[in-house]
file entry.cif (mmCIF, C-alpha atoms and all ligand atoms)
data_data
loop_
_atom_site.label_atom_id
_atom_site.label_comp_id
_atom_site.auth_asym_id
_atom_site.auth_seq_id
_atom_site.Cartn_x
_atom_site.Cartn_y
_atom_site.Cartn_z
CA MET Y 17 100.66 104.98 74.14
CA THR Y 18 97.92 102.99 75.90
CA GLU Y 19 95.63 104.96 78.22
CA TYR Y 20 92.52 104.46 80.33
CA LEU Y 21 89.49 106.67 80.25
CA VAL Y 22 87.45 106.17 83.41
CA ALA Y 23 84.03 107.77 83.75
CA PRO Y 24 82.75 108.60 87.24
CA SER Y 25 81.76 105.24 88.73
CA THR Y 26 78.81 105.70 91.07
CA HIS Y 27 77.81 102.02 91.37
CA VAL Y 28 80.96 100.29 92.60
CA ALA Y 29 79.76 96.97 94.04
CA GLY Y 30 79.48 93.30 93.12
CA ALA Y 31 81.83 90.32 93.16
CA VAL Y 32 85.27 89.89 91.65
CA ARG Y 33 88.09 87.38 91.58
CA VAL Y 34 91.64 88.65 91.13
CA PRO Y 35 94.40 86.81 89.25
CA GLY Y 36 97.17 84.74 90.81
CA ASP Y 37 99.85 86.07 93.12
CA LYS Y 38 102.82 87.58 91.32
CA SER Y 39 105.42 86.94 94.03
CA ILE Y 40 104.40 83.30 94.35
CA SER Y 41 104.24 82.74 90.57
CA HIS Y 42 107.85 83.98 90.12
CA ARG Y 43 109.06 81.71 92.89
CA ALA Y 44 107.17 78.68 91.51
CA LEU Y 45 109.03 79.07 88.20
CA MET Y 46 112.44 79.47 89.83
CA LEU Y 47 112.17 76.75 92.48
CA GLY Y 48 110.30 74.41 90.13
CA GLY Y 49 113.11 74.92 87.62
CA ILE Y 50 115.83 73.68 90.00
CA ALA Y 51 113.74 70.92 91.58
CA GLU Y 52 113.91 67.24 90.67
CA GLY Y 53 110.79 66.22 88.71
CA ILE Y 54 107.73 67.99 87.38
CA THR Y 55 106.14 70.76 89.42
CA GLU Y 56 102.52 71.49 88.59
CA VAL Y 57 101.34 75.01 89.26
CA ARG Y 58 97.65 75.95 89.34
CA GLY Y 59 96.49 79.55 89.54
CA PHE Y 60 99.70 80.80 87.88
CA LEU Y 61 99.69 84.52 87.05
CA GLU Y 62 100.18 84.86 83.32
CA SER Y 63 101.36 88.47 83.46
CA GLU Y 64 104.27 90.20 81.73
CA ASP Y 65 106.49 90.08 84.85
CA CYS Y 66 105.99 86.35 85.36
CA LEU Y 67 106.36 85.67 81.64
CA ALA Y 68 109.78 87.37 81.82
CA THR Y 69 110.79 84.90 84.54
CA MET Y 70 109.32 82.05 82.48
CA ARG Y 71 111.35 83.06 79.42
CA ALA Y 72 114.50 83.38 81.55
CA MET Y 73 114.08 79.91 83.07
CA ARG Y 74 113.47 78.47 79.59
CA ALA Y 75 116.61 80.21 78.32
CA LEU Y 76 118.48 78.49 81.17
CA GLY Y 77 117.34 75.08 79.93
CA VAL Y 78 114.12 74.46 81.88
CA GLN Y 79 111.16 73.11 79.91
CA ILE Y 80 107.90 74.73 80.92
CA GLU Y 81 104.57 73.73 79.44
CA GLN Y 82 101.57 75.93 79.73
CA THR Y 83 98.44 73.79 79.78
CA ASN Y 84 96.23 76.86 79.91
CA ALA Y 85 96.53 80.50 81.00
CA ARG Y 86 96.55 79.59 84.69
CA GLU Y 87 98.30 76.21 84.67
CA ILE Y 88 101.91 75.37 84.03
CA ARG Y 89 104.14 72.32 84.36
CA VAL Y 90 107.78 73.00 85.13
CA ARG Y 91 110.19 70.18 84.28
CA GLY Y 92 112.87 70.75 86.89
CA VAL Y 93 116.49 70.17 85.90
CA GLY Y 94 117.74 69.70 89.45
CA ARG Y 95 119.80 72.06 91.59
CA THR Y 96 122.86 71.90 89.33
CA GLY Y 97 121.11 71.33 86.01
CA LEU Y 98 120.71 74.91 84.70
CA LYS Y 99 122.66 75.77 81.51
CA ALA Y 100 124.13 79.06 80.31
CA ALA Y 101 121.67 81.26 78.41
CA ALA Y 102 122.64 82.21 74.87
CA GLN Y 103 122.09 85.91 75.57
CA ALA Y 104 121.32 88.42 78.29
CA LEU Y 105 118.15 87.57 80.24
CA ASP Y 106 115.55 90.33 79.90
CA MET Y 107 113.55 90.68 83.11
CA GLY Y 108 111.25 93.33 81.63
CA ASN Y 109 109.72 95.59 84.30
CA SER Y 110 110.24 93.17 87.19
CA GLY Y 111 112.50 94.02 90.12
CA THR Y 112 111.52 90.77 91.83
CA ALA Y 113 112.56 88.72 88.81
CA MET Y 114 115.90 90.49 88.48
CA ARG Y 115 116.83 90.38 92.17
CA LEU Y 116 115.77 86.79 92.79
CA MET Y 117 117.41 85.60 89.57
CA THR Y 118 120.65 87.31 90.65
CA GLY Y 119 120.60 85.15 93.79
CA LEU Y 120 119.76 82.00 91.85
CA LEU Y 121 122.47 82.62 89.25
CA ALA Y 122 125.23 83.65 91.69
CA GLY Y 123 126.11 80.03 92.48
CA GLN Y 124 125.99 78.60 88.94
CA SER Y 125 129.00 77.38 86.98
CA PHE Y 126 128.30 79.72 84.02
CA ASP Y 127 128.17 83.48 83.39
CA SER Y 128 124.86 85.37 83.15
CA GLU Y 129 123.72 88.89 82.41
CA LEU Y 130 120.41 90.44 83.48
CA ILE Y 131 118.80 93.42 81.78
CA GLY Y 132 115.34 95.02 81.83
CA ASP Y 133 113.13 97.82 80.55
CA SER Y 134 113.86 101.52 81.05
CA SER Y 135 112.31 101.55 84.56
CA LEU Y 136 114.13 98.42 85.76
CA MET Y 137 117.46 99.66 84.32
CA LYS Y 138 117.26 102.56 86.82
CA ARG Y 139 116.54 100.49 89.95
CA PRO Y 140 119.08 99.72 92.70
CA MET Y 141 120.74 96.32 92.46
CA GLU Y 142 123.63 96.71 94.93
CA ARG Y 143 121.20 95.71 97.70
CA VAL Y 144 121.43 92.15 96.34
CA ALA Y 145 124.96 92.32 94.89
CA THR Y 146 126.50 93.33 98.25
CA PRO Y 147 125.45 90.30 100.33
CA LEU Y 148 125.98 87.94 97.39
CA ARG Y 149 129.58 89.22 97.02
CA GLN Y 150 130.05 88.58 100.74
CA MET Y 151 129.10 84.97 99.96
CA GLY Y 152 131.86 84.88 97.33
CA ALA Y 153 129.80 85.68 94.22
CA ARG Y 154 131.35 87.71 91.42
CA ILE Y 155 128.79 90.31 90.42
CA GLU Y 156 129.11 93.62 88.60
CA THR Y 157 126.50 96.34 88.31
CA ALA Y 158 126.68 99.62 86.38
CA SER Y 159 127.06 102.14 89.22
CA GLY Y 160 124.64 100.08 91.27
CA LYS Y 161 122.09 99.61 88.48
CA PRO Y 162 121.52 96.93 85.81
CA PRO Y 163 122.92 95.37 83.71
CA VAL Y 164 123.83 92.85 86.40
CA LYS Y 165 126.73 90.67 85.27
CA ILE Y 166 127.31 87.45 87.17
CA ARG Y 167 130.51 85.46 86.69
CA GLY Y 168 130.00 81.73 87.04
CA GLY Y 169 132.15 79.24 88.92
CA ALA Y 170 132.37 81.15 92.19
CA ALA Y 171 132.51 78.98 95.30
CA LEU Y 172 129.86 80.42 97.62
CA GLY Y 173 129.94 80.22 101.40
CA GLY Y 174 127.05 80.80 103.78
CA ILE Y 175 126.89 84.14 105.59
CA ARG Y 176 124.93 85.69 108.41
CA TYR Y 177 123.37 88.78 106.86
CA ASP Y 178 121.61 91.60 108.64
CA LEU Y 179 119.27 93.13 106.04
CA PRO Y 180 119.81 96.92 106.00
CA VAL Y 181 116.32 97.37 104.43
CA ALA Y 182 113.23 95.27 105.10
CA SER Y 183 113.20 93.59 101.69
CA ALA Y 184 111.80 90.18 100.79
CA GLN Y 185 113.62 90.38 97.48
CA VAL Y 186 117.03 90.73 99.13
CA LYS Y 187 116.18 88.04 101.70
CA SER Y 188 115.07 85.71 98.91
CA ALA Y 189 118.14 86.39 96.73
CA VAL Y 190 120.43 85.49 99.65
CA LEU Y 191 118.40 82.35 100.45
CA LEU Y 192 118.44 81.21 96.81
CA ALA Y 193 122.23 81.69 96.67
CA GLY Y 194 122.35 79.89 100.03
CA LEU Y 195 121.07 76.76 98.28
CA TYR Y 196 124.45 76.73 96.49
CA ALA Y 197 126.67 77.84 99.40
CA GLN Y 198 128.88 75.83 101.66
CA GLY Y 199 127.50 75.78 105.21
CA GLN Y 200 124.74 77.79 106.80
CA THR Y 201 123.08 80.93 105.40
CA THR Y 202 121.22 83.17 107.83
CA VAL Y 203 119.23 86.29 107.04
CA ILE Y 204 118.10 88.64 109.79
CA GLU Y 205 115.15 90.89 109.01
CA PRO Y 206 114.75 94.34 110.59
CA ALA Y 207 110.97 93.93 110.14
CA VAL Y 208 108.75 91.15 108.89
CA THR Y 209 108.71 90.86 105.10
CA ARG Y 210 106.76 88.51 102.85
CA ASP Y 211 107.78 84.90 103.50
CA HIS Y 212 106.68 83.17 100.29
CA THR Y 213 110.20 81.93 99.55
CA GLU Y 214 110.51 80.23 102.92
CA ARG Y 215 107.05 78.65 102.67
CA MET Y 216 107.69 77.41 99.15
CA LEU Y 217 111.12 75.99 99.99
CA LEU Y 218 109.38 73.93 102.68
CA SER Y 219 106.85 72.73 100.06
CA PHE Y 220 109.80 71.55 97.93
CA GLY Y 221 111.05 69.52 100.90
CA CYS Y 222 113.89 71.85 101.94
CA GLN Y 223 114.69 72.53 105.53
CA VAL Y 224 114.36 76.22 106.41
CA ASP Y 225 114.13 77.50 109.96
CA SER Y 226 112.48 80.82 110.75
CA ALA Y 227 112.25 82.23 114.23
CA HIS Y 228 112.47 85.68 115.81
CA GLY Y 229 113.28 87.43 112.53
CA GLU Y 230 116.10 85.00 111.59
CA ILE Y 231 115.77 82.73 108.58
CA ARG Y 232 118.30 79.94 108.25
CA LEU Y 233 119.07 77.23 105.71
CA THR Y 234 121.99 74.88 105.22
CA ALA Y 235 123.11 73.61 101.79
CA PRO Y 236 123.23 71.35 99.94
CA GLN Y 237 119.55 70.61 99.79
CA ARG Y 238 117.57 68.69 97.20
CA LEU Y 239 114.36 70.25 95.97
CA GLU Y 240 111.65 67.69 95.32
CA ALA Y 241 109.02 68.67 92.70
CA CYS Y 242 105.56 69.30 94.14
CA SER Y 243 102.09 70.58 93.26
CA LEU Y 244 101.51 74.24 93.97
CA GLU Y 245 98.34 76.29 94.08
CA VAL Y 246 98.75 80.03 93.70
CA PRO Y 247 96.19 82.13 95.60
CA GLY Y 248 94.72 85.39 94.25
CA ASP Y 249 97.15 88.27 94.67
CA PHE Y 250 96.41 90.33 97.80
CA SER Y 251 98.09 93.31 96.11
CA SER Y 252 95.72 93.10 93.11
CA SER Y 253 92.75 92.78 95.46
CA ALA Y 254 93.89 95.95 97.29
CA PHE Y 255 92.41 98.13 94.54
CA PHE Y 256 89.02 96.55 95.17
CA MET Y 257 89.34 96.83 98.96
CA VAL Y 258 89.76 100.57 98.52
CA ALA Y 259 87.16 100.80 95.71
CA GLY Y 260 84.62 98.97 97.91
CA SER Y 261 85.40 101.19 100.89
CA ILE Y 262 84.74 104.36 98.86
CA GLY Y 263 82.08 102.71 96.67
CA ALA Y 264 78.33 102.22 96.67
CA ALA Y 265 77.52 98.80 98.16
CA LEU Y 266 78.95 95.40 99.11
CA LEU Y 267 81.93 94.29 97.02
CA THR Y 268 83.21 90.73 97.49
CA ILE Y 269 86.69 89.64 96.43
CA SER Y 270 87.12 85.88 96.38
CA GLY Y 271 90.13 83.58 96.64
CA VAL Y 272 92.58 86.13 98.01
CA GLY Y 273 95.92 85.12 99.54
CA ILE Y 274 95.95 86.45 103.10
CA ASN Y 275 99.47 85.53 104.17
CA PRO Y 276 99.94 87.75 107.26
CA THR Y 277 103.19 89.15 105.84
CA ARG Y 278 101.09 90.76 103.09
CA THR Y 279 97.94 92.01 104.78
CA GLY Y 280 99.05 95.31 106.35
CA LEU Y 281 96.44 97.11 104.25
CA LEU Y 282 93.64 95.31 106.12
CA ASP Y 283 94.99 96.74 109.37
CA ILE Y 284 95.57 100.22 107.97
CA LEU Y 285 92.11 100.46 106.39
CA GLY Y 286 90.67 99.04 109.62
CA LEU Y 287 92.30 101.88 111.59
CA MET Y 288 90.72 104.29 109.10
CA GLY Y 289 87.27 102.89 109.88
CA ALA Y 290 86.83 100.64 106.85
CA ASP Y 291 84.38 97.73 106.98
CA LEU Y 292 86.38 94.75 105.71
CA ARG Y 293 85.40 91.22 106.66
CA VAL Y 294 87.68 88.28 105.95
CA VAL Y 295 85.49 85.21 105.55
CA ASN Y 296 85.60 81.62 104.35
CA HIS Y 297 89.17 80.91 105.46
CA ARG Y 298 90.91 78.04 103.67
CA SER Y 299 94.36 77.29 102.31
CA ALA Y 300 96.17 76.91 99.00
CA GLY Y 301 98.99 74.56 99.95
CA ALA Y 302 101.33 76.49 102.22
CA GLU Y 303 99.44 79.79 101.83
CA PRO Y 304 96.26 80.93 103.61
CA VAL Y 305 93.33 82.08 101.46
CA ALA Y 306 89.97 83.74 102.16
CA ASP Y 307 87.25 85.89 100.62
CA ILE Y 308 87.08 89.55 101.55
CA GLU Y 309 83.80 91.44 101.89
CA VAL Y 310 84.07 95.21 101.64
CA ARG Y 311 81.27 97.61 102.50
CA PRO Y 312 81.32 101.38 102.02
CA ALA Y 313 82.40 103.19 105.19
CA ALA Y 314 83.05 106.68 106.48
CA LEU Y 315 86.85 106.70 106.50
CA LYS Y 316 88.94 108.92 108.75
CA GLY Y 317 92.53 110.07 108.29
CA ILE Y 318 95.25 108.46 110.43
CA GLN Y 319 98.97 108.42 111.07
CA VAL Y 320 99.92 105.08 109.49
CA PRO Y 321 101.92 103.04 112.04
CA GLU Y 322 105.42 102.54 110.64
CA HIS Y 323 105.54 98.87 111.62
CA LEU Y 324 102.76 98.21 109.08
CA VAL Y 325 104.68 99.79 106.18
CA PRO Y 326 106.63 96.67 105.01
CA LEU Y 327 103.43 94.61 105.32
CA ALA Y 328 101.62 96.92 102.91
CA ILE Y 329 104.51 98.12 100.76
CA ASP Y 330 102.83 97.58 97.37
CA GLU Y 331 99.46 98.89 98.52
CA PHE Y 332 100.34 102.54 99.19
CA PRO Y 333 99.20 103.97 95.84
CA ALA Y 334 95.72 102.51 96.48
CA LEU Y 335 95.82 103.59 100.11
CA PHE Y 336 96.56 107.20 99.08
CA VAL Y 337 93.27 107.17 97.14
CA ALA Y 338 91.46 105.99 100.28
CA ALA Y 339 93.23 108.71 102.29
CA ALA Y 340 91.99 111.39 99.88
CA CYS Y 341 88.41 110.22 100.61
CA ALA Y 342 88.89 110.11 104.41
CA GLU Y 343 87.92 112.87 106.81
CA GLY Y 344 91.07 114.75 107.91
CA GLU Y 345 94.74 114.18 107.44
CA THR Y 346 96.54 110.90 106.70
CA VAL Y 347 100.30 110.81 107.25
CA VAL Y 348 102.62 108.09 105.97
CA THR Y 349 106.25 108.03 107.12
CA GLY Y 350 109.01 105.42 107.11
CA ALA Y 351 108.13 104.51 103.52
CA GLU Y 352 111.22 105.73 101.62
CA GLU Y 353 111.27 102.38 99.77
CA LEU Y 354 108.31 103.70 97.75
CA ARG Y 355 110.75 105.98 95.95
CA VAL Y 356 112.58 103.05 94.32
CA LYS Y 357 109.65 100.96 93.11
CA GLU Y 358 108.53 100.78 89.45
CA SER Y 359 108.35 104.58 89.76
CA ASP Y 360 108.94 107.01 92.63
CA ARG Y 361 105.49 106.24 94.02
CA ILE Y 362 105.48 109.14 96.46
CA ALA Y 363 106.26 111.75 93.80
CA VAL Y 364 104.08 110.23 91.08
CA MET Y 365 101.02 109.77 93.32
CA ALA Y 366 101.44 113.30 94.69
CA GLU Y 367 101.54 114.66 91.13
CA GLY Y 368 98.33 112.82 90.17
CA LEU Y 369 96.48 113.64 93.40
CA THR Y 370 97.40 117.31 93.04
CA ALA Y 371 96.27 117.32 89.39
CA MET Y 372 92.87 116.09 90.60
CA GLY Y 373 92.51 118.73 93.28
CA VAL Y 374 93.63 116.75 96.35
CA SER Y 375 95.90 118.65 98.65
CA CYS Y 376 99.02 116.77 99.73
CA GLU Y 377 102.57 117.37 100.85
CA VAL Y 378 105.49 115.17 99.86
CA LEU Y 379 107.76 114.10 102.74
CA PRO Y 380 111.23 112.57 102.27
CA ASP Y 381 109.92 109.17 103.43
CA GLY Y 382 106.18 109.46 102.85
CA ILE Y 383 103.31 111.83 102.27
CA ARG Y 384 100.71 113.93 104.08
CA ILE Y 385 97.27 113.88 102.43
CA GLN Y 386 94.32 116.14 103.32
CA GLY Y 387 91.23 114.02 102.82
CA ARG Y 388 87.64 115.15 102.30
CA ARG Y 389 84.61 113.04 103.05
CA GLU Y 390 82.63 114.21 100.04
CA GLN Y 391 80.96 112.33 97.23
CA GLN Y 392 83.13 113.93 94.55
CA VAL Y 393 86.65 114.21 95.93
CA PHE Y 394 88.54 113.93 92.65
CA ALA Y 395 88.14 116.67 90.05
CA GLY Y 396 88.89 114.35 87.12
CA GLY Y 397 91.28 115.30 84.35
CA THR Y 398 94.52 113.77 83.13
CA VAL Y 399 97.07 111.94 85.27
CA ASP Y 400 100.28 110.24 84.17
CA SER Y 401 101.01 106.82 85.66
CA HIS Y 402 104.64 107.09 84.50
CA GLY Y 403 104.38 103.48 83.35
CA ASP Y 404 103.71 102.22 86.88
CA HIS Y 405 100.99 99.55 86.96
CA ARG Y 406 99.87 100.19 90.52
CA ILE Y 407 99.60 103.96 89.99
CA ALA Y 408 97.45 103.41 86.89
CA MET Y 409 95.06 101.07 88.74
CA SER Y 410 94.89 103.36 91.77
CA PHE Y 411 93.71 106.32 89.72
CA ALA Y 412 91.17 104.08 87.97
CA ILE Y 413 89.47 103.30 91.30
CA ALA Y 414 89.48 106.99 92.21
CA SER Y 415 86.62 107.19 89.67
CA ALA Y 416 84.33 105.92 92.46
CA ARG Y 417 84.52 109.46 93.88
CA ALA Y 418 85.22 111.55 90.79
CA ARG Y 419 83.30 114.55 89.50
CA ALA Y 420 84.46 114.14 85.88
CA PRO Y 421 86.22 111.47 83.78
CA ILE Y 422 89.80 110.55 84.63
CA ARG Y 423 92.22 110.00 81.78
CA ILE Y 424 95.22 107.89 82.85
CA LEU Y 425 98.30 107.89 80.61
CA ASP Y 426 100.91 105.17 79.97
CA VAL Y 427 98.98 102.20 81.35
CA ALA Y 428 100.35 99.30 79.26
CA ASN Y 429 102.36 98.07 82.25
CA VAL Y 430 99.18 97.13 84.11
CA ALA Y 431 99.71 93.85 82.23
CA THR Y 432 102.87 93.24 84.32
CA SER Y 433 100.69 92.27 87.29
CA PHE Y 434 97.00 92.33 86.33
CA PRO Y 435 96.45 91.64 82.62
CA ASP Y 436 92.64 91.76 82.76
CA PHE Y 437 92.30 94.69 85.14
CA PRO Y 438 89.82 96.62 82.94
CA GLY Y 439 87.52 93.58 82.64
CA VAL Y 440 87.59 92.76 86.35
CA ALA Y 441 87.21 96.44 87.28
CA ARG Y 442 84.15 96.79 85.02
CA ALA Y 443 82.59 93.78 86.79
CA ALA Y 444 82.87 95.83 90.00
CA GLY Y 445 81.23 98.87 88.39
CA ILE Y 446 84.39 100.81 87.59
CA ASN Y 447 83.80 102.42 84.19
CA VAL Y 448 87.21 101.93 82.65
CA VAL Y 449 87.89 101.69 78.93
CA THR Y 450 91.28 101.25 77.31
CA SER Y 451 92.40 103.17 74.25
CA GLN Y 452 95.63 103.05 72.27
C1 LIG Y 501 108.42 91.37 96.42
C2 LIG Y 501 108.92 92.10 97.45
C3 LIG Y 501 108.67 93.54 97.64
C4 LIG Y 501 107.51 94.03 96.78
C5 LIG Y 501 107.56 93.49 95.39
C6 LIG Y 501 107.53 91.98 95.40
C7 LIG Y 501 108.73 89.94 96.33
O1 LIG Y 501 109.83 94.27 97.26
O2 LIG Y 501 107.48 95.43 96.75
O3 LIG Y 501 106.47 93.96 94.63
O4 LIG Y 501 108.09 89.22 95.53
O5 LIG Y 501 109.64 89.49 97.04
P1 LIG Y 501 111.03 94.55 98.32
O6 LIG Y 501 111.59 93.26 98.70
O7 LIG Y 501 111.98 95.40 97.55
O8 LIG Y 501 110.39 95.27 99.46
#

call {"tool": "encode", "arguments": {"input": "entry.cif", "output": "structure tokens"}}
result
Amino acid sequence: MTEYLVAPSTHVAGAVRVPGDKSISHRALMLGGIAEGITEVRGFLESEDCLATMRAMRALGVQIEQTNAREIRVRGVGRTGLKAAAQALDMGNSGTAMRLMTGLLAGQSFDSELIGDSSLMKRPMERVATPLRQMGARIETASGKPPVKIRGGAALGGIRYDLPVASAQVKSAVLLAGLYAQGQTTVIEPAVTRDHTERMLLSFGCQVDSAHGEIRLTAPQRLEACSLEVPGDFSSSAFFMVAGSIGAALLTISGVGINPTRTGLLDILGLMGADLRVVNHRSAGAEPVADIEVRPAALKGIQVPEHLVPLAIDEFPALFVAAACAEGETVVTGAEELRVKESDRIAVMAEGLTAMGVSCEVLPDGIRIQGRREQQVFAGGTVDSHGDHRIAMSFAIASARARAPIRILDVANVATSFPDFPGVARAAGINVVTSQ
């Protein structure tokens, strides 16, 4: 099993660039696949999760050429041009791929089946199946979990759906099915969630209206191929925002997507006293981009405002490391969604923090962490990432404040979102080496 060995990293500083955005790369493959014409994508994230979506779209009859690691050309087959796959589509570790594909496949004329790895096969899928069935789709899950079986030929109708959880994946699945539904599809969000699907649909020439938490589209709509530029993934840069805040000197992260539906961590770290400066604002098509300068700061513990939770949902493992290095207590609540990510991120982070001598208390919907503003907060030792990429990377950056080496188990899944994490991390002074 692949593991990381990370020596105490006392010189975290420098300049890094993170790879392309995972959420946007998935969507580029799916929307490009059902568009008319060739969609060119620059900055594509060639990670295991996105490669699972690429393989699935190919299996459905879409030709995709990869000109180099970060550039692809998707030959769209048009809205009704997908063909039945010869076998079940394997979405690997990716919840986003499985949930969005369920929405895309719900309105097709053929049957499909979606499967995944052992983590994905345990994740809840009724959250997408329920609204899609209300639209007329015929979908079966195994007691709420994958495999997801979709019967083709269902006539879908638009619905008005109040999301019970703030989930961009559920919103996106309903909107993708809405492209195949008769009439208007409306999704109402209980809180703001990432809006990459809406922005990208606009780039493909679709009409989507968003206002006051309601997102609306009316089918049928033609998707016109376009050129897309994928910004650096804010969620991958989060590890360096925390590393720089607990590190030695200035750390610059360049080319980061700063879509405001993703940047809750900037606000949370700001409340904790971090010194983060967002500079050199520009755009990558429909998405805003900037560079982020991070300087070491004396962090203090806070109660994380619940309204920021959906805007930072993937960043909590990294944030917990910052909280351990902050003076006083940090409390996170309203984050029960963390329990159904690639792992139960509350339980798994608590286990690792405790193993390294950080005192914390698990709450049903969050965690309470007692931070210490000391140079060597983490005792070192062995932690198990339970195959969760973001947990593995979070404990790697803890080395900036570790007394002894940290051995992190089961890290192969880092390649699902950040294939060259060890190389990029070393450029920032994080002493990580991989061993098999
Ligand atoms: C994602 C949405 C979020 C996020 C996931 C990616 C997306 O999940 O955690 O990593 O690309 O739409 P939820 O929609 O379940 O919150």

call {"tool": "residues_around", "arguments": {"input": "entry.cif", "residues": "Pro435 in chain Y", "least_positions_apart": "5", "cutoff": "12 Å", "atoms": "all atoms listed in the file", "output": "ChimeraX atom specification"}}
result
/Y:34-36,38,61-67,85,252,405,409,427-430,440-441

call {"tool": "residues_near_ligand", "arguments": {"input": "entry.cif", "ligand": "ligand LIG 501 (chain Y)", "cutoff": "7 Å", "atoms": "all atoms listed in the file", "output": "ChimeraX atom specification"}}
result
/Y:38-39,112,182-186,188,210,326,329-330,357

call {"tool": "residues_around", "arguments": {"input": "entry.cif", "residues": "Met216 in chain Y", "least_positions_apart": "4", "cutoff": "8 Å", "atoms": "all atoms listed in the file", "output": "tab-separated table (two decimals) with C-alpha atoms, keeping the file's coordinate frame"}}
result
chain	number	residue	atom	x	y	z
Y	43	ARG	CA	109.06	81.71	92.89
Y	44	ALA	CA	107.17	78.68	91.51
Y	212	HIS	CA	106.68	83.17	100.29
Y	220	PHE	CA	109.80	71.55	97.93
Y	302	ALA	CA	101.33	76.49	102.22

call {"tool": "residues_around", "arguments": {"input": "entry.cif", "residues": "Ile284 in chain Y", "least_positions_apart": "6", "cutoff": "9 Å", "atoms": "all atoms listed in the file", "output": "count of residues only"}}
result
7

call {"tool": "closest_residue", "arguments": {"input": "entry.cif", "among": "Y:Asn109, Y:Asn296, Y:Thr432, Y:Thr201", "to": "Ser270 in chain Y", "atoms": "only C-alpha atoms"}}
result
Y:Asn296

call {"tool": "atom_distance", "arguments": {"input": "entry.cif", "atom1": "CA of Met257 in chain Y", "atom2": "CA of Met365 in chain Y"}}
result
18.3 Å

call {"tool": "atom_distance", "arguments": {"input": "entry.cif", "atom1": "CA of Gly350 in chain Y", "atom2": "CA of Gly248 in chain Y"}}
result
27.8 Å

call {"tool": "atom_distance", "arguments": {"input": "entry.cif", "atom1": "CA of Arg361 in chain Y", "atom2": "CA of Gly373 in chain Y"}}
result
18.0 Å

call {"tool": "closest_residue", "arguments": {"input": "entry.cif", "among": "Y:Gly221, Y:Gly132, Y:Gly168, Y:Gly119", "to": "Ala51 in chain Y", "atoms": "all atoms listed in the file"}}
result
Y:Gly221

call {"tool": "residues_around", "arguments": {"input": "entry.cif", "residues": "Leu287 in chain Y", "least_positions_apart": "6", "cutoff": "12 Å", "atoms": "all atoms listed in the file", "output": "PyMOL selection string"}}
result
chain Y and resi 280-281+313-321+324+339+342+346

call {"tool": "closest_residue", "arguments": {"input": "entry.cif", "among": "Y:Ser110, Y:Ser415, Y:Gln198, Y:Ser134", "to": "Gln392 in chain Y", "atoms": "all atoms listed in the file"}}
result
Y:Ser415

call {"tool": "closest_atom_pairs", "arguments": {"input": "entry.cif", "of": "range 417-450 of chain Y", "to": "range 26-30 of chain Y", "cutoff": "9 Å", "atoms": "all atoms listed in the file", "output": "JSON lines"}}
result
{"residue": "Y:Arg417", "atom": "CA", "partner": "Y:Thr26", "partner_atom": "CA", "distance": 7.4}
{"residue": "Y:Ala418", "atom": "CA", "partner": "Y:Thr26", "partner_atom": "CA", "distance": 8.7}
{"residue": "Y:Arg442", "atom": "CA", "partner": "Y:Val28", "partner_atom": "CA", "distance": 8.9}
{"residue": "Y:Ala443", "atom": "CA", "partner": "Y:Gly30", "partner_atom": "CA", "distance": 7.1}
{"residue": "Y:Ala444", "atom": "CA", "partner": "Y:Ala29", "partner_atom": "CA", "distance": 5.2}
{"residue": "Y:Gly445", "atom": "CA", "partner": "Y:Val28", "partner_atom": "CA", "distance": 4.5}
{"residue": "Y:Ile446", "atom": "CA", "partner": "Y:Val28", "partner_atom": "CA", "distance": 6.1}

call {"tool": "residues_near_point", "arguments": {"input": "entry.cif", "point": "(120.4, 99.6, 84.4)", "cutoff": "9 Å", "atoms": "all atoms listed in the file", "output": "PDB file with C-alpha atoms, keeping the file's coordinate frame"}}
result
ATOM      1  CA  ILE Y 131     118.800  93.420  81.780  1.00  0.00           C
ATOM      2  CA  GLY Y 132     115.340  95.020  81.830  1.00  0.00           C
ATOM      3  CA  ASP Y 133     113.130  97.820  80.550  1.00  0.00           C
ATOM      4  CA  SER Y 134     113.860 101.520  81.050  1.00  0.00           C
ATOM      5  CA  SER Y 135     112.310 101.550  84.560  1.00  0.00           C
ATOM      6  CA  LEU Y 136     114.130  98.420  85.760  1.00  0.00           C
ATOM      7  CA  MET Y 137     117.460  99.660  84.320  1.00  0.00           C
ATOM      8  CA  LYS Y 138     117.260 102.560  86.820  1.00  0.00           C
ATOM      9  CA  ARG Y 139     116.540 100.490  89.950  1.00  0.00           C
ATOM     10  CA  PRO Y 140     119.080  99.720  92.700  1.00  0.00           C
ATOM     11  CA  MET Y 141     120.740  96.320  92.460  1.00  0.00           C
ATOM     12  CA  THR Y 157     126.500  96.340  88.310  1.00  0.00           C
ATOM     13  CA  ALA Y 158     126.680  99.620  86.380  1.00  0.00           C
ATOM     14  CA  SER Y 159     127.060 102.140  89.220  1.00  0.00           C
ATOM     15  CA  GLY Y 160     124.640 100.080  91.270  1.00  0.00           C
ATOM     16  CA  LYS Y 161     122.090  99.610  88.480  1.00  0.00           C
ATOM     17  CA  PRO Y 162     121.520  96.930  85.810  1.00  0.00           C
ATOM     18  CA  PRO Y 163     122.920  95.370  83.710  1.00  0.00           C
ATOM     19  CA  VAL Y 164     123.830  92.850  86.400  1.00  0.00           C
TER      20      VAL Y 164
END
